[in-house]
$ cat work-v9.cif   # mmCIF, C-alpha atoms
data_start
#
loop_
_atom_site.label_atom_id
_atom_site.label_comp_id
_atom_site.auth_asym_id
_atom_site.auth_seq_id
_atom_site.Cartn_x
_atom_site.Cartn_y
_atom_site.Cartn_z
CA MET N 1 -39.16 37.91 32.14
CA LYS N 2 -37.71 34.48 32.87
CA LYS N 3 -37.65 33.34 29.22
CA PRO N 4 -35.52 36.24 27.90
CA ILE N 5 -33.06 35.74 30.79
CA LEU N 6 -32.84 31.99 30.12
CA LEU N 7 -32.35 32.65 26.41
CA SER N 8 -29.55 35.11 27.20
CA ILE N 9 -27.82 32.53 29.43
CA ILE N 10 -28.06 29.86 26.72
CA CYS N 11 -26.68 32.24 24.10
CA CYS N 12 -23.82 33.11 26.47
CA PHE N 13 -22.94 29.44 26.96
CA VAL N 14 -23.09 28.85 23.19
CA TRP N 15 -20.80 31.84 22.59
CA ILE N 16 -18.28 30.57 25.19
CA ALA N 17 -18.33 27.08 23.65
CA GLN N 18 -17.82 28.48 20.16
CA ALA N 19 -14.92 30.62 21.38
CA GLN N 20 -13.30 27.57 23.00
CA HIS N 21 -13.74 25.52 19.83
CA SER N 22 -12.25 28.33 17.77
CA GLU N 23 -9.23 28.61 20.06
CA LEU N 24 -8.59 24.86 20.03
CA GLN N 25 -9.07 24.65 16.26
CA THR N 26 -6.58 27.48 15.79
CA LEU N 27 -4.04 25.51 17.83
CA ILE N 28 -4.73 22.43 15.68
CA ASN N 29 -4.25 24.46 12.48
CA GLN N 30 -0.92 25.69 13.88
CA LYS N 31 0.12 22.08 14.67
CA ARG N 32 0.40 22.96 18.37
CA TYR N 33 -0.96 19.58 19.41
CA GLN N 34 0.66 19.43 22.84
CA GLU N 35 -1.09 22.63 23.91
CA VAL N 36 -4.46 21.19 22.93
CA ILE N 37 -3.78 18.00 24.89
CA LYS N 38 -2.62 20.06 27.88
CA GLN N 39 -5.87 22.02 27.81
CA ALA N 40 -7.83 18.78 27.43
CA THR N 41 -6.56 17.51 30.80
CA GLY N 42 -8.24 20.46 32.49
CA MET N 43 -11.62 20.11 30.81
CA ASN N 44 -14.72 19.67 32.90
CA LYS N 45 -17.39 17.02 32.36
CA SER N 46 -19.49 19.17 30.03
CA ASP N 47 -16.46 19.83 27.82
CA SER N 48 -15.58 16.15 27.66
CA SER N 49 -19.06 15.28 26.38
CA ASP N 50 -19.01 17.95 23.65
CA ILE N 51 -18.54 16.26 20.28
CA GLN N 52 -16.75 19.17 18.62
CA THR N 53 -14.28 19.60 21.47
CA LEU N 54 -13.59 15.87 21.65
CA TYR N 55 -13.03 15.69 17.92
CA ILE N 56 -10.44 18.46 18.13
CA VAL N 57 -8.72 16.66 21.02
CA GLY N 58 -8.70 13.50 18.91
CA GLN N 59 -6.99 15.44 16.13
CA ALA N 60 -4.35 16.60 18.61
CA TYR N 61 -3.65 13.04 19.77
CA GLU N 62 -3.46 11.91 16.16
CA GLY N 63 -1.06 14.74 15.37
CA MET N 64 1.18 13.50 18.21
CA LEU N 65 0.98 9.96 16.76
CA LYS N 66 -0.94 8.77 19.83
CA TYR N 67 -3.41 6.80 17.79
CA LYS N 68 -4.95 4.77 20.62
CA GLU N 69 -5.93 7.93 22.50
CA ALA N 70 -7.20 9.52 19.28
CA TYR N 71 -9.20 6.38 18.54
CA GLN N 72 -10.94 6.57 21.94
CA CYS N 73 -11.85 10.24 21.40
CA TYR N 74 -13.24 9.58 17.94
CA LYS N 75 -15.09 6.50 19.14
CA TYR N 76 -16.90 8.54 21.79
CA CYS N 77 -17.72 11.20 19.19
CA LEU N 78 -19.22 8.53 16.95
CA SER N 79 -21.36 7.26 19.82
CA LEU N 80 -22.88 10.75 19.99
CA ASP N 81 -23.53 10.91 16.24
CA THR N 82 -23.44 7.63 14.28
CA THR N 83 -24.39 9.16 10.93
CA ARG N 84 -21.53 11.57 10.25
CA ILE N 85 -19.44 10.39 7.30
CA ASP N 86 -16.38 12.35 8.43
CA LEU N 87 -16.45 10.54 11.79
CA LEU N 88 -16.81 7.15 10.11
CA ASN N 89 -13.85 7.90 7.86
CA THR N 90 -11.81 9.12 10.81
CA MET N 91 -12.65 6.03 12.86
CA ALA N 92 -11.66 3.80 9.96
CA ARG N 93 -8.35 5.60 9.52
CA THR N 94 -7.35 5.46 13.19
CA ALA N 95 -8.55 1.86 13.50
CA ALA N 96 -6.15 0.98 10.68
CA TYR N 97 -3.32 2.84 12.44
CA ILE N 98 -3.68 0.73 15.58
CA GLY N 99 -3.97 -2.55 13.69
CA LYS N 100 -7.74 -3.02 13.74
CA ALA N 101 -7.90 -3.76 10.01
CA ARG N 102 -11.20 -5.60 10.09
CA GLU N 103 -12.82 -2.79 12.07
CA ALA N 104 -11.40 -0.20 9.67
CA GLU N 105 -12.86 -2.11 6.72
CA LEU N 106 -16.30 -2.18 8.34
CA TYR N 107 -16.25 1.58 8.95
CA PHE N 108 -15.22 2.30 5.36
CA HIS N 109 -18.07 0.10 4.12
CA LYS N 110 -20.48 2.08 6.31
CA VAL N 111 -19.28 5.25 4.59
CA LEU N 112 -19.72 3.72 1.16
CA LYS N 113 -23.18 2.51 2.08
CA GLN N 114 -24.13 6.17 2.53
CA ASP N 115 -22.12 7.41 -0.44
CA SER N 116 -20.59 4.85 -2.80
CA THR N 117 -18.65 7.61 -4.61
CA ASP N 118 -16.75 8.81 -1.52
CA PHE N 119 -13.17 9.16 -2.81
CA TYR N 120 -11.42 8.96 0.55
CA ALA N 121 -13.21 5.81 1.69
CA ASN N 122 -12.66 4.04 -1.65
CA TYR N 123 -8.97 4.95 -1.74
CA GLN N 124 -8.25 4.03 1.88
CA LEU N 125 -10.17 0.78 1.52
CA ALA N 126 -8.08 -0.07 -1.53
CA ARG N 127 -4.90 0.67 0.46
CA LEU N 128 -6.20 -1.50 3.29
CA TYR N 129 -6.76 -4.39 0.85
CA MET N 130 -3.24 -3.93 -0.53
CA GLN N 131 -1.72 -4.17 2.95
CA ALA N 132 -3.72 -7.34 3.58
CA GLY N 133 -2.53 -8.89 0.31
CA GLN N 134 -6.02 -8.77 -1.19
CA HIS N 135 -4.77 -7.36 -4.46
CA ALA N 136 -7.78 -8.25 -6.61
CA GLU N 137 -10.09 -6.32 -4.26
CA ALA N 138 -7.62 -3.43 -4.15
CA MET N 139 -7.42 -3.27 -7.94
CA ASP N 140 -11.21 -3.20 -8.21
CA ARG N 141 -11.26 -0.08 -6.02
CA PHE N 142 -8.36 1.61 -7.83
CA HIS N 143 -9.95 0.81 -11.19
CA TYR N 144 -13.19 2.45 -10.07
CA LEU N 145 -11.32 5.57 -8.93
CA LEU N 146 -9.29 5.70 -12.15
CA GLU N 147 -12.51 5.74 -14.15
CA GLN N 148 -13.28 9.03 -12.41
CA ASP N 149 -9.71 10.38 -12.55
CA PRO N 150 -7.71 8.47 -15.20
CA GLY N 151 -4.58 10.65 -15.01
CA ASN N 152 -4.09 10.54 -11.24
CA PRO N 153 -0.43 9.51 -10.74
CA VAL N 154 -0.96 8.23 -7.19
CA LEU N 155 -3.79 5.92 -8.25
CA LEU N 156 -1.79 4.75 -11.28
CA ARG N 157 1.24 4.08 -9.08
CA ASN N 158 -0.85 2.04 -6.65
CA MET N 159 -2.37 0.04 -9.49
CA GLY N 160 1.15 -0.62 -10.74
CA ASP N 161 2.17 -1.78 -7.26
CA CYS N 162 -0.74 -4.24 -7.17
CA HIS N 163 0.31 -5.76 -10.50
CA ASN N 164 3.94 -5.79 -9.34
CA ARG N 165 3.06 -7.71 -6.18
CA THR N 166 1.16 -10.27 -8.22
CA ASP N 167 4.16 -10.71 -10.57
CA ASN N 168 2.39 -9.15 -13.54
CA LEU N 169 5.35 -6.95 -14.42
CA LEU N 170 4.19 -6.01 -17.91
CA HIS N 171 0.96 -4.51 -16.60
CA ALA N 172 2.88 -2.95 -13.70
CA SER N 173 5.23 -1.18 -16.13
CA THR N 174 2.24 0.14 -18.09
CA TYR N 175 0.70 1.75 -15.02
CA TYR N 176 4.05 3.02 -13.72
CA THR N 177 4.70 4.63 -17.11
CA LYS N 178 1.32 6.38 -17.08
CA ALA N 179 1.98 7.56 -13.54
CA PHE N 180 5.45 8.82 -14.48
CA LEU N 181 4.16 10.76 -17.47
CA ASN N 182 1.84 12.60 -15.10
CA ASN N 183 4.51 13.13 -12.42
CA LYS N 184 7.99 13.27 -13.95
CA GLU N 185 9.41 15.02 -10.88
CA ASN N 186 8.92 11.90 -8.72
CA ALA N 187 12.36 10.27 -8.48
CA VAL N 188 11.13 7.27 -6.47
CA LEU N 189 8.46 6.50 -9.06
CA ALA N 190 11.01 6.84 -11.87
CA SER N 191 13.39 4.44 -10.12
CA THR N 192 10.59 1.90 -9.62
CA LEU N 193 9.66 2.15 -13.29
CA VAL N 194 13.27 1.73 -14.42
CA ASN N 195 13.74 -1.37 -12.26
CA THR N 196 10.53 -2.85 -13.64
CA LEU N 197 11.58 -2.13 -17.24
CA LEU N 198 14.90 -3.86 -16.61
CA LEU N 199 13.07 -6.91 -15.28
CA ILE N 200 10.99 -7.13 -18.46
CA GLN N 201 14.17 -6.58 -20.51
CA ASP N 202 13.41 -3.15 -21.92
CA PRO N 203 16.61 -1.20 -21.12
CA GLU N 204 16.19 1.26 -24.01
CA THR N 205 12.96 2.63 -22.53
CA ALA N 206 14.54 2.52 -19.07
CA LEU N 207 17.36 4.79 -20.28
CA THR N 208 14.84 7.30 -21.66
CA ILE N 209 13.04 7.34 -18.31
CA CYS N 210 16.33 7.87 -16.45
CA ASP N 211 17.33 10.78 -18.66
CA THR N 212 13.90 12.40 -18.31
CA ALA N 213 13.80 11.97 -14.54
CA LEU N 214 17.33 13.34 -14.15
CA ILE N 215 16.24 16.61 -15.75
CA TYR N 216 14.13 17.21 -12.64
CA ASN N 217 16.48 15.51 -10.15
CA PRO N 218 20.00 15.84 -11.60
CA ASP N 219 21.80 14.93 -8.37
CA ASN N 220 19.60 12.06 -7.27
CA ARG N 221 21.96 9.20 -6.44
CA VAL N 222 19.36 6.45 -6.89
CA LEU N 223 18.54 7.67 -10.39
CA LEU N 224 22.23 7.96 -11.26
CA GLN N 225 22.77 4.40 -10.03
CA SER N 226 19.81 3.27 -12.11
CA LYS N 227 21.16 4.97 -15.22
CA ALA N 228 24.58 3.40 -14.66
CA ILE N 229 23.14 -0.13 -14.49
CA VAL N 230 20.97 0.58 -17.56
CA LEU N 231 24.05 1.70 -19.51
CA PHE N 232 25.84 -1.46 -18.36
CA THR N 233 22.88 -3.59 -19.49
CA LEU N 234 22.99 -1.89 -22.90
CA LYS N 235 26.73 -2.73 -23.04
CA LYS N 236 27.63 0.95 -23.14
CA TYR N 237 30.58 0.19 -20.89
CA THR N 238 32.56 3.39 -21.40
CA GLN N 239 29.56 5.52 -20.40
CA SER N 240 28.66 3.30 -17.46
CA ASP N 241 32.31 3.38 -16.32
CA GLU N 242 32.30 7.18 -16.43
CA LEU N 243 29.09 7.37 -14.43
CA TYR N 244 30.24 4.82 -11.85
CA THR N 245 33.53 6.71 -11.52
CA THR N 246 31.59 9.90 -10.78
CA LEU N 247 29.40 8.12 -8.22
CA ILE N 248 32.42 6.68 -6.42
CA ALA N 249 34.17 10.07 -6.43
CA GLU N 250 31.07 11.55 -4.79
CA GLY N 251 31.22 9.01 -1.96
CA ASP N 252 29.06 6.15 -3.21
CA SER N 253 30.82 3.06 -1.90
CA SER N 254 27.86 0.67 -2.11
CA TYR N 255 28.58 -2.91 -3.12
CA LYS N 256 26.58 -2.68 -6.35
CA THR N 257 28.36 0.49 -7.45
CA ILE N 258 31.83 -0.89 -6.73
CA LYS N 259 31.04 -4.23 -8.38
CA PHE N 260 29.50 -2.93 -11.61
CA GLY N 261 31.90 -0.01 -11.70
CA ALA N 262 34.80 -2.45 -11.78
CA ILE N 263 33.17 -4.69 -14.41
CA SER N 264 32.28 -1.67 -16.57
CA ARG N 265 35.87 -0.48 -16.41
CA TYR N 266 37.14 -3.94 -17.34
CA TYR N 267 34.82 -4.23 -20.36
CA ALA N 268 35.71 -0.67 -21.36
CA GLY N 269 39.27 -1.93 -21.76
CA LYS N 270 40.75 -0.14 -18.75
CA TYR N 271 42.30 -3.29 -17.33
CA MET N 272 44.83 -1.61 -15.06
#

$ encode --input "work-v9.cif" --output "structure tokens"
Amino acid sequence: MKKPILLSIICCFVWIAQAQHSELQTLINQKRYQEVIKQATGMNKSDSSDIQTLYIVGQAYEGMLKYKEAYQCYKYCLSLDTTRIDLLNTMARTAAYIGKAREAELYFHKVLKQDSTDFYANYQLARLYMQAGQHAEAMDRFHYLLEQDPGNPVLLRNMGDCHNRTDNLLHASTYYTKAFLNNKENAVLASTLVNTLLLIQDPETALTICDTALIYNPDNRVLLQSKAIVLFTLKKYTQSDELYTTLIAEGDSSYKTIKFGAISRYYAGKYM
């Protein structure tokens, strides 16, 4: 008789724990992080040693940008299970957030030791190398990922950034162009590409990029400013004057706009 009763008690506790996890996870999915943290303060000792509950609490702290608290939750979870790849990735990410770059790198390498193809670990490790100025190592990672997904605009953009930071502008423009062709709606990427093309003295291509990007973002001020300076560079002063006049009328009083607007107008022959 005792065994069936004990089994029933265990099943009951398991059911209660699962219900609690489900409730907390629902709150996480709804981005109600403060409610999860509030509930966490009232947890008993058994709750605080439960890996699933602690992981959810860590997610709540991370959602509230309290990375140190999240880090401590995840660290305890990892001490309970050192083999879980998701925990290693999470530890690496939060370690990076709180400035423990070396620790983050070690965790990512632990992930890759278990699975060298892990996309998240490879990408985040590449980003970590970029932030540390280790551009050669970052490019090795991005190159590996691009072999698996050659049209990924985010990877292409990052590869372009690496070349840009090492003053290899020609290669940077090549990767930015590939990224743009796969994500023409991205105004920031288009602006970066245009600026790079101007630096390598290719204003004709820069104008084409501006016109294409403006189809998707017709009112984007940065793109309009970029097009105006491209037109000026191409000595199309009447067109650049017209565009600068429009920008100024719409409230753009930045130094660059006023300066090149005035010079464009002068070279367009509108001296007065």

$ resolve_selection --input "work-v9.cif" --expression "the PyMOL selection byres ((chain N and resi 64) around 12)" --output "list in words"
Ile28, Lys31, Arg32, Tyr33, Gln34, Glu35, Val36, Ile37, Val57, Gly58, Gln59, Ala60, Tyr61, Glu62, Gly63, Leu65, Lys66, Tyr67, Lys68, Glu69 and Ala70 of chain N

$ resolve_selection --input "work-v9.cif" --expression "the PyMOL selection byres ((chain N and resi 95) around 10)" --output "ChimeraX atom specification"
/N:67-68,70-72,75,89-94,96-105,107

$ closest_residue --input "work-v9.cif" --among "N:Thr117, N:Ser191, N:Gln134, N:Asn182" --to "N:Gly151" --atoms "all atoms listed in the file"
N:Asn182

$ resolve_selection --input "work-v9.cif" --expression "the PyMOL selection byres ((chain N and resi 173) around 9)" --output "JSON, numbers by chain"
{"N": [160, 163, 164, 168, 169, 170, 171, 172, 174, 175, 176, 177, 178, 192, 193, 194, 196, 197, 200]}

$ write_last_selection --input "work-v9.cif" --atoms "C-alpha atoms" --output "mmCIF file, in the frame of the given file"
data_model
loop_
_atom_site.group_PDB
_atom_site.id
_atom_site.type_symbol
_atom_site.label_atom_id
_atom_site.label_comp_id
_atom_site.auth_asym_id
_atom_site.auth_seq_id
_atom_site.Cartn_x
_atom_site.Cartn_y
_atom_site.Cartn_z
ATOM 1 C CA GLY N 160 1.150 -0.620 -10.740
ATOM 2 C CA HIS N 163 0.310 -5.760 -10.500
ATOM 3 C CA ASN N 164 3.940 -5.790 -9.340
ATOM 4 C CA ASN N 168 2.390 -9.150 -13.540
ATOM 5 C CA LEU N 169 5.350 -6.950 -14.420
ATOM 6 C CA LEU N 170 4.190 -6.010 -17.910
ATOM 7 C CA HIS N 171 0.960 -4.510 -16.600
ATOM 8 C CA ALA N 172 2.880 -2.950 -13.700
ATOM 9 C CA THR N 174 2.240 0.140 -18.090
ATOM 10 C CA TYR N 175 0.700 1.750 -15.020
ATOM 11 C CA TYR N 176 4.050 3.020 -13.720
ATOM 12 C CA THR N 177 4.700 4.630 -17.110
ATOM 13 C CA LYS N 178 1.320 6.380 -17.080
ATOM 14 C CA THR N 192 10.590 1.900 -9.620
ATOM 15 C CA LEU N 193 9.660 2.150 -13.290
ATOM 16 C CA VAL N 194 13.270 1.730 -14.420
ATOM 17 C CA THR N 196 10.530 -2.850 -13.640
ATOM 18 C CA LEU N 197 11.580 -2.130 -17.240
ATOM 19 C CA ILE N 200 10.990 -7.130 -18.460
#

$ residues_around --input "work-v9.cif" --residues "N:Phe142" --least-positions-apart "3" --cutoff "7 Å" --atoms "all atoms listed in the file" --output "JSON, numbers by chain"
{"N": [123, 126, 138, 139, 145, 146, 155, 159]}

$ atom_distance --input "work-v9.cif" --atom1 "atom CA of N:Arg221" --atom2 "atom CA of N:Leu198"
18.0 Å

$ closest_residue --input "work-v9.cif" --among "N:Leu88, N:Leu106, N:Leu78, N:Ile229" --to "N:Cys210" --atoms "only C-alpha atoms"
N:Ile229

$ atom_distance --input "work-v9.cif" --atom1 "atom CA of N:His109" --atom2 "atom CA of N:Leu125"
8.3 Å

$ atom_distance --input "work-v9.cif" --atom1 "atom CA of N:Tyr120" --atom2 "atom CA of N:Leu87"
12.4 Å

$ closest_residue --input "work-v9.cif" --among "N:Phe119, N:Ser240, N:Gln114, N:Ser253" --to "N:Tyr267" --atoms "all atoms listed in the file"
N:Ser240

$ closest_residue --input "work-v9.cif" --among "N:Thr41, N:Thr83, N:Ala213, N:Asp149" --to "N:Lys113" --atoms "all atoms listed in the file"
N:Thr83

$ closest_residue --input "work-v9.cif" --among "N:Ala268, N:Val230, N:Leu156, N:Leu243" --to "N:Glu204" --atoms "all atoms listed in the file"
N:Val230

$ residues_around --input "work-v9.cif" --residues "stretch 254-262 of chain N" --least-positions-apart "5" --cutoff "10 Å" --atoms "all atoms listed in the file" --output "PyMOL selection string"
chain N and resi 225+228-229+232+237+240-248+267-268+270-271

$ residues_around --input "work-v9.cif" --residues "N:Tyr216" --least-positions-apart "4" --cutoff "9 Å" --atoms "all atoms listed in the file" --output "tab-separated table (two decimals) with C-alpha atoms, in the coordinates of the input"
chain	number	residue	atom	x	y	z
N	184	LYS	CA	7.99	13.27	-13.95
N	185	GLU	CA	9.41	15.02	-10.88
N	186	ASN	CA	8.92	11.90	-8.72
N	187	ALA	CA	12.36	10.27	-8.48
N	212	THR	CA	13.90	12.40	-18.31

$ decode --input "work-v9.cif" --residues "stretch 171-183 of chain N" --atoms "N, CA, C and O atoms" --output "PDB file, in the first residue's frame"
ATOM      1  N   HIS N 171      37.051  45.718 -50.227  1.00  0.00           N
ATOM      2  CA  HIS N 171      36.406  44.476 -49.805  1.00  0.00           C
ATOM      3  C   HIS N 171      35.151  44.778 -48.995  1.00  0.00           C
ATOM      4  O   HIS N 171      34.137  44.064 -49.112  1.00  0.00           O
ATOM      5  N   ALA N 172      35.206  45.828 -48.181  1.00  0.00           N
ATOM      6  CA  ALA N 172      34.041  46.207 -47.382  1.00  0.00           C
ATOM      7  C   ALA N 172      32.868  46.530 -48.291  1.00  0.00           C
ATOM      8  O   ALA N 172      31.738  46.072 -48.060  1.00  0.00           O
ATOM      9  N   SER N 173      33.121  47.300 -49.355  1.00  0.00           N
ATOM     10  CA  SER N 173      32.046  47.680 -50.277  1.00  0.00           C
ATOM     11  C   SER N 173      31.455  46.457 -50.976  1.00  0.00           C
ATOM     12  O   SER N 173      30.249  46.394 -51.231  1.00  0.00           O
ATOM     13  N   THR N 174      32.295  45.468 -51.255  1.00  0.00           N
ATOM     14  CA  THR N 174      31.821  44.239 -51.905  1.00  0.00           C
ATOM     15  C   THR N 174      30.831  43.505 -51.007  1.00  0.00           C
ATOM     16  O   THR N 174      29.755  43.082 -51.452  1.00  0.00           O
ATOM     17  N   TYR N 175      31.181  43.365 -49.735  1.00  0.00           N
ATOM     18  CA  TYR N 175      30.285  42.668 -48.807  1.00  0.00           C
ATOM     19  C   TYR N 175      29.041  43.493 -48.503  1.00  0.00           C
ATOM     20  O   TYR N 175      27.934  42.944 -48.401  1.00  0.00           O
ATOM     21  N   TYR N 176      29.202  44.807 -48.358  1.00  0.00           N
ATOM     22  CA  TYR N 176      28.029  45.662 -48.130  1.00  0.00           C
ATOM     23  C   TYR N 176      27.061  45.581 -49.308  1.00  0.00           C
ATOM     24  O   TYR N 176      25.844  45.574 -49.124  1.00  0.00           O
ATOM     25  N   THR N 177      27.617  45.536 -50.517  1.00  0.00           N
ATOM     26  CA  THR N 177      26.762  45.449 -51.713  1.00  0.00           C
ATOM     27  C   THR N 177      25.976  44.144 -51.725  1.00  0.00           C
ATOM     28  O   THR N 177      24.765  44.126 -51.992  1.00  0.00           O
ATOM     29  N   LYS N 178      26.658  43.038 -51.412  1.00  0.00           N
ATOM     30  CA  LYS N 178      25.968  41.742 -51.367  1.00  0.00           C
ATOM     31  C   LYS N 178      24.878  41.755 -50.300  1.00  0.00           C
ATOM     32  O   LYS N 178      23.787  41.222 -50.506  1.00  0.00           O
ATOM     33  N   ALA N 179      25.189  42.369 -49.153  1.00  0.00           N
ATOM     34  CA  ALA N 179      24.204  42.453 -48.079  1.00  0.00           C
ATOM     35  C   ALA N 179      23.010  43.284 -48.515  1.00  0.00           C
ATOM     36  O   ALA N 179      21.851  42.905 -48.285  1.00  0.00           O
ATOM     37  N   PHE N 180      23.284  44.419 -49.182  1.00  0.00           N
ATOM     38  CA  PHE N 180      22.210  45.309 -49.630  1.00  0.00           C
ATOM     39  C   PHE N 180      21.307  44.630 -50.649  1.00  0.00           C
ATOM     40  O   PHE N 180      20.081  44.768 -50.593  1.00  0.00           O
ATOM     41  N   LEU N 181      21.889  43.883 -51.556  1.00  0.00           N
ATOM     42  CA  LEU N 181      21.089  43.196 -52.576  1.00  0.00           C
ATOM     43  C   LEU N 181      20.149  42.162 -51.965  1.00  0.00           C
ATOM     44  O   LEU N 181      19.139  41.810 -52.568  1.00  0.00           O
ATOM     45  N   ASN N 182      20.477  41.712 -50.770  1.00  0.00           N
ATOM     46  CA  ASN N 182      19.625  40.752 -50.073  1.00  0.00           C
ATOM     47  C   ASN N 182      18.730  41.414 -49.022  1.00  0.00           C
ATOM     48  O   ASN N 182      17.946  40.728 -48.368  1.00  0.00           O
ATOM     49  N   ASN N 183      18.882  42.727 -48.856  1.00  0.00           N
ATOM     50  CA  ASN N 183      18.071  43.451 -47.871  1.00  0.00           C
ATOM     51  C   ASN N 183      17.994  44.925 -48.267  1.00  0.00           C
ATOM     52  O   ASN N 183      18.543  45.792 -47.600  1.00  0.00           O
TER      53      ASN N 183
END
